[in-house]
>>> print(open('upload-v6.cif').read())   # mmCIF, C-alpha atoms
data_input
#
loop_
_atom_site.label_atom_id
_atom_site.label_comp_id
_atom_site.auth_asym_id
_atom_site.auth_seq_id
_atom_site.Cartn_x
_atom_site.Cartn_y
_atom_site.Cartn_z
CA MET J 1 -44.77 15.67 -43.78
CA THR J 2 -46.70 18.79 -44.59
CA SER J 3 -46.74 18.62 -48.37
CA ALA J 4 -48.04 15.81 -50.50
CA CYS J 5 -44.74 15.73 -52.36
CA PRO J 6 -41.85 15.62 -49.86
CA THR J 7 -38.70 17.57 -50.64
CA ASP J 8 -35.40 15.77 -51.13
CA ALA J 9 -34.29 16.90 -47.67
CA GLU J 10 -37.41 15.42 -46.10
CA ARG J 11 -36.94 12.17 -47.99
CA ALA J 12 -33.28 12.08 -46.91
CA TRP J 13 -34.24 12.57 -43.25
CA ALA J 14 -36.70 9.69 -43.55
CA LEU J 15 -33.97 7.47 -45.03
CA LEU J 16 -31.34 8.42 -42.44
CA GLU J 17 -33.59 8.61 -39.38
CA HIS J 18 -32.99 5.03 -38.25
CA LEU J 19 -29.44 4.54 -39.46
CA SER J 20 -27.60 2.96 -36.55
CA ASP J 21 -24.15 3.59 -35.12
CA PRO J 22 -21.63 1.03 -36.43
CA GLU J 23 -20.18 0.34 -32.97
CA ILE J 24 -23.35 0.55 -30.87
CA PRO J 25 -26.06 -0.72 -33.21
CA VAL J 26 -28.93 -0.23 -30.72
CA VAL J 27 -28.84 3.57 -31.07
CA SER J 28 -29.26 5.67 -34.18
CA LEU J 29 -26.84 8.29 -35.45
CA ARG J 30 -29.53 10.88 -34.89
CA GLU J 31 -30.11 9.87 -31.26
CA LEU J 32 -26.36 10.01 -30.60
CA GLY J 33 -26.15 13.49 -32.08
CA ILE J 34 -23.72 12.49 -34.84
CA LEU J 35 -26.17 13.25 -37.63
CA ARG J 36 -26.61 17.01 -37.31
CA GLU J 37 -28.45 18.33 -40.31
CA VAL J 38 -29.81 17.58 -43.77
CA ARG J 39 -30.20 20.66 -45.94
CA GLU J 40 -30.47 21.92 -49.49
CA GLY J 41 -27.11 23.53 -50.26
CA GLU J 42 -26.08 25.53 -53.30
CA HIS J 43 -24.90 22.39 -55.07
CA GLY J 44 -27.63 20.02 -53.96
CA LEU J 45 -28.31 18.03 -50.86
CA GLU J 46 -25.88 18.27 -47.92
CA VAL J 47 -25.72 15.98 -44.92
CA VAL J 48 -23.82 17.34 -41.92
CA ILE J 49 -22.18 14.90 -39.51
CA THR J 50 -19.90 15.54 -36.54
CA PRO J 51 -17.29 13.18 -35.07
CA THR J 52 -17.56 11.96 -31.49
CA TYR J 53 -13.88 11.63 -30.50
CA SER J 54 -11.27 13.15 -32.84
CA GLY J 55 -9.88 9.73 -33.63
CA CYS J 56 -13.19 7.89 -33.87
CA PRO J 57 -12.47 5.12 -36.39
CA ALA J 58 -16.17 4.74 -37.18
CA MET J 59 -16.46 8.07 -39.03
CA GLY J 60 -15.47 6.58 -42.40
CA GLN J 61 -17.99 3.79 -41.94
CA ILE J 62 -20.68 6.28 -40.95
CA GLU J 63 -20.06 8.33 -44.08
CA ASP J 64 -20.31 5.20 -46.23
CA ASP J 65 -23.51 4.12 -44.44
CA VAL J 66 -25.10 7.54 -45.02
CA LYS J 67 -24.21 7.44 -48.72
CA ALA J 68 -25.51 3.90 -49.11
CA ALA J 69 -28.79 4.71 -47.36
CA LEU J 70 -29.33 7.74 -49.59
CA ALA J 71 -28.36 5.80 -52.71
CA ALA J 72 -31.01 3.20 -51.83
CA GLY J 73 -33.55 6.04 -52.04
CA LYS J 74 -31.96 7.32 -55.27
CA LEU J 75 -30.60 10.43 -53.59
CA GLN J 76 -27.12 11.89 -53.74
CA ALA J 77 -25.62 14.22 -51.18
CA ARG J 78 -22.36 15.79 -50.13
CA ILE J 79 -21.33 14.68 -46.67
CA LEU J 80 -19.91 17.56 -44.64
CA THR J 81 -17.98 17.00 -41.41
CA GLN J 82 -18.48 19.83 -38.96
CA LEU J 83 -16.44 20.16 -35.76
CA ALA J 84 -18.14 23.07 -34.02
CA PRO J 85 -20.06 23.02 -31.81
CA ALA J 86 -18.06 20.09 -30.46
CA TRP J 87 -20.05 16.90 -30.02
CA THR J 88 -21.09 16.22 -26.45
CA THR J 89 -22.75 13.26 -24.74
CA ASP J 90 -25.28 15.79 -23.40
CA TRP J 91 -26.95 15.69 -26.84
CA MET J 92 -27.89 12.06 -26.34
CA THR J 93 -31.64 11.67 -25.91
CA ASP J 94 -33.18 9.94 -22.90
CA ALA J 95 -34.53 7.28 -25.24
CA ALA J 96 -30.98 6.62 -26.46
CA LYS J 97 -29.70 6.43 -22.88
CA ASN J 98 -32.35 3.84 -22.02
CA LYS J 99 -31.40 1.80 -25.07
CA LEU J 100 -27.74 1.91 -24.06
CA ARG J 101 -28.61 0.68 -20.58
CA ALA J 102 -30.71 -2.16 -21.96
CA TYR J 103 -27.76 -3.07 -24.20
CA GLY J 104 -25.44 -3.32 -21.15
CA ILE J 105 -23.67 0.03 -21.38
CA ALA J 106 -24.12 2.50 -18.52
CA PRO J 107 -25.17 5.80 -20.16
CA PRO J 108 -23.13 8.98 -19.65
CA HIS J 109 -23.79 11.38 -16.81
CA ALA J 110 -24.27 15.06 -17.66
CA CYS J 111 -21.02 16.88 -18.42
CA GLY J 112 -19.77 19.33 -15.84
CA HIS J 113 -20.32 22.73 -17.34
CA GLU J 114 -16.71 23.73 -17.27
CA LYS J 115 -15.67 27.30 -17.56
CA SER J 116 -12.48 28.39 -19.20
CA GLY J 117 -9.47 28.83 -16.95
CA SER J 118 -6.83 26.97 -15.05
CA ALA J 119 -8.64 26.60 -11.74
CA ASN J 120 -11.18 24.39 -13.43
CA VAL J 121 -8.53 22.38 -15.25
CA VAL J 122 -6.77 21.61 -11.99
CA GLN J 123 -10.03 20.76 -10.30
CA PHE J 124 -10.88 18.24 -12.99
CA ALA J 125 -7.65 16.39 -12.42
CA ALA J 126 -8.03 16.27 -8.66
CA ARG J 127 -8.63 12.82 -7.31
CA ASN J 128 -11.92 13.39 -5.56
CA ALA J 129 -13.47 14.74 -8.76
CA ALA J 130 -13.17 11.27 -10.26
CA ALA J 131 -15.39 9.57 -7.72
CA GLU J 132 -18.66 9.47 -9.62
CA ILE J 133 -21.23 6.79 -8.97
CA VAL J 134 -22.15 4.75 -12.02
CA ASN J 135 -25.05 2.36 -11.67
CA CYS J 136 -24.69 -1.17 -13.01
CA PRO J 137 -26.77 -1.53 -16.19
CA GLN J 138 -27.49 -5.18 -15.32
CA CYS J 139 -28.77 -5.03 -11.72
CA GLY J 140 -28.97 -1.27 -11.09
CA SER J 141 -26.65 -1.39 -8.08
CA ALA J 142 -24.62 1.72 -7.22
CA ASN J 143 -21.97 -0.48 -5.64
CA THR J 144 -19.58 -0.42 -8.60
CA THR J 145 -15.91 0.29 -9.14
CA GLU J 146 -13.87 1.59 -12.05
CA THR J 147 -11.45 -0.98 -13.45
CA SER J 148 -9.90 1.21 -16.14
CA HIS J 149 -10.32 4.77 -17.40
CA PHE J 150 -10.44 3.43 -20.94
CA GLY J 151 -12.57 0.53 -22.13
CA SER J 152 -13.24 -1.18 -25.43
CA THR J 153 -13.30 2.21 -27.20
CA ALA J 154 -11.99 5.67 -26.32
CA CYS J 155 -15.50 6.83 -25.40
CA LYS J 156 -15.99 4.20 -22.68
CA ALA J 157 -14.49 3.31 -19.30
CA LEU J 158 -14.46 -0.18 -17.82
CA TYR J 159 -16.43 -0.81 -14.62
CA ARG J 160 -17.30 -3.78 -12.46
CA CYS J 161 -20.39 -4.29 -10.36
CA LEU J 162 -19.55 -5.43 -6.82
CA ASP J 163 -23.05 -6.84 -6.26
CA CYS J 164 -23.78 -8.91 -9.37
CA MET J 165 -20.03 -9.05 -10.23
CA GLU J 166 -20.66 -8.30 -13.92
CA PRO J 167 -18.09 -6.17 -15.75
CA PHE J 168 -19.61 -3.41 -17.90
CA ASP J 169 -18.78 -0.40 -20.06
CA TYR J 170 -19.57 3.15 -18.99
CA PHE J 171 -20.06 5.72 -21.75
CA LYS J 172 -17.93 8.61 -20.43
CA PRO J 173 -19.25 12.18 -20.37
CA TYR J 174 -17.59 14.11 -23.20
CA MET S 175 -8.17 34.78 -40.18
CA HIS S 176 -6.07 31.65 -39.91
CA ALA S 177 -3.08 30.53 -37.89
CA PRO S 178 0.36 30.30 -39.55
CA VAL S 179 0.76 26.86 -41.15
CA GLU S 180 3.98 26.23 -39.22
CA TYR S 181 2.10 26.77 -35.97
CA ILE S 182 -0.64 24.29 -36.91
CA LEU S 183 2.05 21.79 -37.92
CA HIS S 184 3.72 22.28 -34.52
CA LEU S 185 0.50 21.29 -32.76
CA ALA S 186 -0.15 18.45 -35.21
CA ASP S 187 3.39 17.04 -35.02
CA ASN S 188 3.28 16.99 -31.20
CA ALA S 189 0.12 14.90 -31.31
CA LEU S 190 1.27 12.59 -34.10
CA VAL S 191 4.74 11.88 -32.73
CA LEU S 192 3.52 11.23 -29.18
CA GLY S 193 0.62 9.18 -30.57
CA GLN S 194 3.10 7.06 -32.51
CA ARG S 195 5.35 6.65 -29.45
CA ASN S 196 2.53 5.58 -27.15
CA ALA S 197 1.24 3.18 -29.80
CA GLU S 198 4.44 1.18 -29.28
CA TRP S 199 2.69 -0.22 -26.21
CA CYS S 200 -0.10 -1.68 -28.34
CA GLY S 201 0.14 -5.42 -27.77
CA HIS S 202 2.89 -4.92 -25.16
CA GLY S 203 1.13 -3.12 -22.29
CA PRO S 204 2.14 -4.12 -18.75
CA ILE S 205 -1.47 -5.20 -18.14
CA LEU S 206 -4.37 -5.60 -20.55
CA GLU S 207 -6.21 -2.49 -19.33
CA GLU S 208 -3.12 -0.33 -19.90
CA ASP S 209 -2.61 -1.76 -23.35
CA ILE S 210 -6.14 -0.60 -24.17
CA ALA S 211 -5.81 2.73 -22.37
CA LEU S 212 -2.58 3.71 -24.12
CA SER S 213 -3.91 2.62 -27.51
CA ASN S 214 -7.03 4.72 -26.98
CA ASN S 215 -4.81 7.60 -25.89
CA SER S 216 -2.91 7.26 -29.16
CA LEU S 217 -6.13 7.07 -31.13
CA ASP S 218 -7.19 10.42 -29.68
CA LEU S 219 -3.79 12.00 -30.39
CA ILE S 220 -3.63 10.73 -33.96
CA GLY S 221 -7.22 11.88 -34.45
CA GLN S 222 -6.27 15.38 -33.28
CA ALA S 223 -3.24 15.31 -35.56
CA ARG S 224 -5.43 14.36 -38.53
CA LEU S 225 -7.82 17.27 -37.95
CA LEU S 226 -4.86 19.66 -37.69
CA TYR S 227 -3.10 18.27 -40.79
CA GLN S 228 -6.37 18.51 -42.76
CA HIS S 229 -6.64 22.14 -41.70
CA ALA S 230 -3.00 22.82 -42.64
CA ALA S 231 -3.43 21.05 -46.01
CA THR S 232 -6.42 23.25 -46.82
CA LEU S 233 -4.39 26.36 -46.02
CA ILE S 234 -1.37 25.18 -48.02
CA GLY S 235 -3.62 24.34 -50.97
CA GLY S 236 -2.37 22.72 -54.18
CA ASP S 237 -1.85 18.99 -53.80
CA ALA S 238 -1.20 19.06 -50.05
CA THR S 239 -3.00 16.35 -48.09
CA GLU S 240 -2.96 15.16 -44.49
CA ASP S 241 -1.09 12.01 -45.55
CA LYS S 242 1.61 13.97 -47.37
CA LEU S 243 2.17 16.09 -44.29
CA ALA S 244 2.39 13.07 -42.00
CA TYR S 245 4.32 10.65 -44.20
CA PHE S 246 6.39 12.64 -46.67
CA ARG S 247 8.12 15.26 -44.55
CA ASP S 248 11.55 14.63 -43.03
CA VAL S 249 13.06 15.23 -39.59
CA PRO S 250 13.97 18.94 -40.01
CA ASP S 251 10.40 19.66 -41.23
CA PHE S 252 8.83 18.35 -38.01
CA ARG S 253 7.90 20.96 -35.42
CA ASN S 254 7.15 18.79 -32.37
CA TYR S 255 8.66 19.24 -28.92
CA THR S 256 11.72 17.04 -28.41
CA LEU S 257 9.90 15.65 -25.34
CA CYS S 258 7.39 13.85 -27.58
CA GLU S 259 9.93 11.95 -29.68
CA LEU S 260 12.17 10.46 -26.96
CA PRO S 261 11.97 6.67 -26.57
CA HIS S 262 10.35 5.07 -23.52
CA LEU S 263 13.79 4.25 -22.20
CA PRO S 264 15.75 5.22 -19.11
CA LEU S 265 19.12 6.89 -19.59
CA MET S 266 21.96 4.52 -20.46
CA ALA S 267 19.54 1.69 -21.28
CA ALA S 268 20.01 -0.56 -24.24
CA THR S 269 17.66 0.36 -27.07
CA SER S 270 15.70 -2.87 -27.35
CA ALA S 271 11.94 -2.73 -27.11
CA GLY S 272 11.97 -5.02 -24.08
CA ASP S 273 13.62 -2.26 -22.02
CA ARG S 274 10.64 0.06 -22.43
CA ASP S 275 9.90 1.78 -19.13
CA PHE S 276 6.25 2.39 -18.21
CA ALA S 277 7.28 5.08 -15.70
CA ILE S 278 8.69 7.17 -18.56
CA THR S 279 5.47 6.79 -20.55
CA ILE S 280 3.43 7.96 -17.58
CA VAL S 281 5.69 10.89 -16.69
CA ARG S 282 5.80 12.16 -20.26
CA ASN S 283 2.03 11.80 -20.76
CA PHE S 284 1.47 13.63 -17.48
CA LEU S 285 3.83 16.52 -18.34
CA TYR S 286 2.41 16.88 -21.86
CA SER S 287 -1.28 16.56 -20.87
CA SER S 288 -0.79 19.08 -18.06
CA LEU S 289 0.37 21.54 -20.69
CA MET S 290 -2.22 20.69 -23.31
CA VAL S 291 -5.26 21.13 -21.03
CA LEU S 292 -4.09 24.73 -20.72
CA VAL S 293 -3.15 25.17 -24.40
CA TRP S 294 -6.41 23.73 -25.81
CA ASP S 295 -8.44 25.65 -23.26
CA ARG S 296 -6.93 28.96 -24.42
CA LEU S 297 -7.00 28.05 -28.11
CA GLN S 298 -10.78 27.69 -27.94
CA SER S 299 -10.84 31.47 -28.40
CA SER S 300 -8.33 31.51 -31.29
CA GLN S 301 -9.21 33.84 -34.15
CA ASP S 302 -8.71 30.82 -36.40
CA LYS S 303 -12.21 29.32 -36.16
CA GLN S 304 -11.21 25.86 -37.36
CA LEU S 305 -8.33 25.74 -34.87
CA ALA S 306 -10.73 26.86 -32.12
CA ALA S 307 -13.12 24.03 -33.08
CA ILE S 308 -10.30 21.46 -32.98
CA ALA S 309 -9.19 22.85 -29.59
CA ALA S 310 -12.68 22.42 -28.12
CA LYS S 311 -12.70 18.73 -29.10
CA SER S 312 -9.11 18.08 -28.07
CA LEU S 313 -9.63 19.63 -24.64
CA LYS S 314 -12.33 17.06 -23.82
CA GLU S 315 -9.92 14.27 -24.74
CA VAL S 316 -6.76 15.56 -23.09
CA ARG S 317 -8.61 15.92 -19.78
CA TYR S 318 -9.02 12.15 -19.76
CA HIS S 319 -5.35 11.73 -20.70
CA LEU S 320 -4.34 13.93 -17.78
CA ARG S 321 -6.56 12.04 -15.40
CA HIS S 322 -5.13 8.71 -16.55
CA SER S 323 -1.46 9.71 -16.35
CA ARG S 324 -1.87 11.66 -13.12
CA ASP S 325 -3.54 8.74 -11.36
CA TRP S 326 -0.70 6.44 -12.40
CA LEU S 327 1.92 9.01 -11.38
CA VAL S 328 0.47 9.15 -7.88
CA ARG S 329 0.07 5.39 -7.73
CA LEU S 330 3.65 4.68 -8.82
CA GLY S 331 5.06 7.44 -6.61
CA ASN S 332 3.21 6.04 -3.58
CA GLY S 333 3.82 2.44 -4.59
CA THR S 334 6.83 0.28 -3.85
CA GLU S 335 10.41 1.45 -3.45
CA VAL S 336 11.10 0.26 -6.98
CA SER S 337 8.13 2.03 -8.57
CA HIS S 338 8.93 5.23 -6.67
CA ALA S 339 12.58 5.13 -7.76
CA LYS S 340 11.64 4.48 -11.39
CA VAL S 341 9.08 7.26 -11.61
CA GLN S 342 11.44 9.70 -9.85
CA ALA S 343 14.21 8.81 -12.32
CA ALA S 344 11.81 9.32 -15.24
CA LEU S 345 10.87 12.72 -13.85
CA ASP S 346 14.52 13.72 -13.39
CA GLN S 347 15.18 12.69 -16.98
CA PHE S 348 12.16 14.31 -18.66
CA LEU S 349 11.30 17.45 -16.71
CA PRO S 350 14.22 19.46 -18.17
CA TYR S 351 12.80 18.89 -21.67
CA CYS S 352 9.72 20.89 -20.64
CA GLN S 353 11.82 24.07 -20.73
CA GLU S 354 11.13 24.04 -24.45
CA PHE S 355 7.45 24.85 -23.77
CA TRP S 356 8.11 28.43 -22.68
CA ALA S 357 10.64 29.97 -25.08
CA ALA S 358 8.61 31.18 -28.07
CA SER S 359 9.64 30.01 -31.54
CA PRO S 360 9.08 32.33 -34.53
CA HIS S 361 5.87 30.56 -35.58
CA GLU S 362 4.46 30.80 -32.05
CA THR S 363 5.22 34.52 -32.00
CA ASP S 364 3.54 34.94 -35.42
CA ALA S 365 0.45 33.11 -34.19
CA LEU S 366 0.29 35.21 -31.03
CA THR S 367 0.65 38.41 -33.06
CA ASN S 368 -2.25 37.68 -35.40
CA GLY S 369 -4.58 36.53 -32.62
CA THR S 370 -4.63 32.85 -33.54
CA GLY S 371 -2.06 31.62 -31.03
CA ILE S 372 -1.38 32.02 -27.33
CA ASP S 373 1.31 33.37 -25.04
CA MET S 374 3.00 30.21 -23.79
CA ALA S 375 5.01 31.98 -21.10
CA ALA S 376 1.71 33.07 -19.52
CA LEU S 377 0.76 29.40 -18.97
CA GLN S 378 3.86 28.57 -16.98
CA ALA S 379 2.52 29.41 -13.52
CA ASP S 380 -0.65 27.35 -14.06
CA TRP S 381 1.37 24.44 -15.42
CA ASN S 382 3.70 24.57 -12.43
CA ARG S 383 0.73 24.43 -10.10
CA ILE S 384 -0.77 21.36 -11.81
CA VAL S 385 2.61 19.61 -11.81
CA ASP S 386 3.59 20.52 -8.25
CA GLU S 387 0.25 19.43 -6.79
CA ALA S 388 0.55 16.04 -8.41
CA LEU S 389 4.22 15.58 -7.48
CA ASN S 390 3.39 16.46 -3.91
CA GLU S 391 0.60 13.89 -3.81
CA ALA S 392 2.92 11.34 -5.41
CA THR S 393 5.71 12.10 -2.84
CA LEU S 394 8.09 12.91 -5.72
CA GLN S 395 10.81 15.55 -5.69
CA ARG S 396 10.84 18.14 -8.42
CA PRO S 397 14.33 18.15 -9.94
CA ALA S 398 16.12 21.40 -10.65
CA THR S 399 15.96 22.37 -14.30
CA GLY S 400 18.36 24.48 -16.29
CA GLY S 401 20.99 23.80 -18.88
CA PHE S 402 20.18 22.86 -22.46
CA VAL S 403 16.81 24.02 -23.81
CA PRO S 404 15.63 21.59 -26.53
CA THR S 405 14.79 22.95 -29.98
CA GLY S 406 12.51 20.31 -31.53
CA LYS S 407 9.75 22.80 -32.33
CA GLN S 408 12.22 24.66 -34.52
CA GLY S 409 13.14 21.52 -36.45
CA LEU S 410 16.35 20.71 -34.57
CA HIS S 411 15.66 17.30 -33.08
CA SER S 412 17.29 14.54 -31.06
CA GLU S 413 18.64 11.50 -32.90
CA HIS S 414 15.51 9.55 -31.94
CA LEU S 415 12.99 11.21 -34.26
CA GLY S 416 14.58 9.77 -37.40
CA PHE S 417 14.08 6.19 -36.17
CA LEU S 418 10.49 6.92 -35.20
CA LEU S 419 9.70 8.45 -38.61
CA ALA S 420 11.45 5.61 -40.44
CA GLU S 421 9.11 3.11 -38.82
CA MET S 422 6.01 5.28 -39.20
CA GLN S 423 6.60 6.45 -42.77
CA SER S 424 8.16 3.39 -44.43
CA LEU S 425 4.90 1.78 -45.51
CA ALA S 426 3.47 4.95 -47.07
CA ARG S 427 6.78 5.63 -48.85
CA ALA S 428 7.14 2.05 -50.13
CA HIS S 429 3.66 2.25 -51.65
CA PRO S 430 3.04 5.90 -52.58
CA ASN S 431 -0.54 6.72 -53.50
CA ALA S 432 -1.77 3.36 -52.21
CA THR S 433 -5.35 3.30 -51.02
CA TRP S 434 -7.10 0.77 -48.84
#
>>> encode(input="upload-v6.cif", output="structure tokens")
Amino acid sequence: MTSACPTDAERAWALLEHLSDPEIPVVSLRELGILREVREGEHGLEVVITPTYSGCPAMGQIEDDVKAALAAGKLQARILTQLAPAWTTDWMTDAAKNKLRAYGIAPPHACGHEKSGSANVVQFAARNAAAEIVNCPQCGSANTTETSHFGSTACKALYRCLDCMEPFDYFKPY
Amino acid sequence: MHAPVEYILHLADNALVLGQRNAEWCGHGPILEEDIALSNNSLDLIGQARLLYQHAATLIGGDATEDKLAYFRDVPDFRNYTLCELPHLPLMAATSAGDRDFAITIVRNFLYSSLMVLVWDRLQSSQDKQLAAIAAKSLKEVRYHLRHSRDWLVRLGNGTEVSHAKVQAALDQFLPYCQEFWAASPHETDALTNGTGIDMAALQADWNRIVDEALNEATLQRPATGGFVPTGKQGLHSEHLGFLLAEMQSLARAHPNATW
């Protein structure tokens, strides 16, 4: 804080900084990249959030959590949902990735930087492109296998470690 | 600049109707992992539909809402491909839920995802900025849908005699419906003209390549197409859409304006 009397936006940031994700409570909305911006708009405070997956059922809960956290600090804001730029797992901080791993979820690899065009689309679907090595978050082994492309939520795939035999979730690159 | 409302509804209805169809597997998947995978697939599709309906509702203005567009329009108002509304049933099967055929689900998801990776990719540069933003999100999701359905297609095609025969029959039954992708409807032409849509015919060669590569890997034969070209995207549907909508819309219509 630079001024002795923080602005509403600065107070709002302080209130929202540690708000956690409803589905993965060990990481904050800010670390995940869902909480994009807090700003003074024409009609007062605005909080900008972006959805992870289009159908993410947690978005309503996140909006309510943001409002409740602000209300606790006697602040009111409009919550704006912004789609572009599209959320990507590449925005996740290293600290957040470490927290995910400690929680038992293998963090996402970097997204391929896909270019527009059909060649790339076809390449993505090709079988050998799917063979990525995901380390077990429990024992660190690279000897793992994918059980299912989709896990407990749309953003995760289901894996199994062939060394410690533990099943685990992998947060898919998006 | 924005896309014609009818065009946005076409994209939204495709996603909603297929999302509703695939959700029929929820609680009935052949194995637990597939139950979860298909439900997540539906969640993505319904999420895409919601973003598109919200966009359309804003453009329509007045008292239009995403829920009104999804729950209070009737069969002739829907602009989805006929492919998306067909039941998961082989030809000549009885219509009970127990006869649902997983091979049909996989073939349809593969044919549709193979198209939509191309459509969403191109729509990222639509002059309609909101549509472009929705396309960028949807592309990330449909790539996973393509990967899922393609892997199963190959696995079933290379599987047992029974799985091969079932997936080949599903392909023979559903591939002709894909002819509807290429003949432009008036709203697609309008969207192309004002720079918000895309030229579907120009995607055909790329789509063929994606499909043929997978069929080859799956040792499946591509059936000859021809004959009737479906007209779902112009509001002329098969008899199956009415039953799907009746199930999907009955709750909202029985309790209009309910909130929960």
>>> resolve_selection(input="upload-v6.cif", expression="the PyMOL selection byres ((chain J and resi 18-25) around 12)", output="PyMOL selection string")
chain J and resi 12-17+26-35+51-52+56-70+96-97+99-105+152-156+169+171
>>> atom_distance(input="upload-v6.cif", atom1="CA of Tyr181 (chain S)", atom2="CA of Gly416 (chain S)")
21.1 Å
>>> atom_distance(input="upload-v6.cif", atom1="CA of Val38 (chain J)", atom2="CA of Ala309 (chain S)")
25.6 Å
>>> closest_residue(input="upload-v6.cif", among="J:Val48, J:Ala4, J:Ile79, J:Ala84", to="chain S", atoms="only C-alpha atoms")
J:Ala84
>>> interface_residues(input="upload-v6.cif", of="chain S", to="chain J", cutoff="7 Å", atoms="only C-alpha atoms", output="list in words")
Glu207, Ile210, Ala211, Asn214, Leu217, Asp218, Ile220, Gly221, Gln222, Val291, Leu292, Asp295, Ala307, Ile308, Ala310, Lys311, Lys314, Leu320, Arg321, His322, Asp380 and Ile384 of chain S
>>> atom_distance(input="upload-v6.cif", atom1="CA of Thr363 (chain S)", atom2="CA of Ala177 (chain S)")
10.9 Å
>>> residues_near_point(input="upload-v6.cif", point="(17.0, 16.7, -35.7)", cutoff="6 Å", atoms="only C-alpha atoms", output="PyMOL selection string")
chain S and resi 249-250+410-412
>>> resolve_selection(input="upload-v6.cif", expression="the PyMOL selection byres ((chain S and resi 226) around 10)", output="JSON, numbers by chain")
{"S": [179, 182, 183, 184, 185, 186, 187, 189, 220, 221, 222, 223, 224, 225, 227, 228, 229, 230, 231, 232, 240, 304, 305, 308, 309]}
>>> resolve_selection(input="upload-v6.cif", expression="the PyMOL selection byres ((chain S and resi 404) around 6)", output="list in words")
Glu354, Val403 and Thr405 of chain S
>>> residues_near_point(input="upload-v6.cif", point="(9.4, 19.2, -36.5)", cutoff="6 Å", atoms="only C-alpha atoms", output="VMD selection string")
chain S and resid 250 to 254 406 to 407 409
>>> closest_residue(input="upload-v6.cif", among="S:Leu345, S:Ala358, S:Ile234, S:Leu425", to="Arg396 (chain S)", atoms="only C-alpha atoms")
S:Leu345
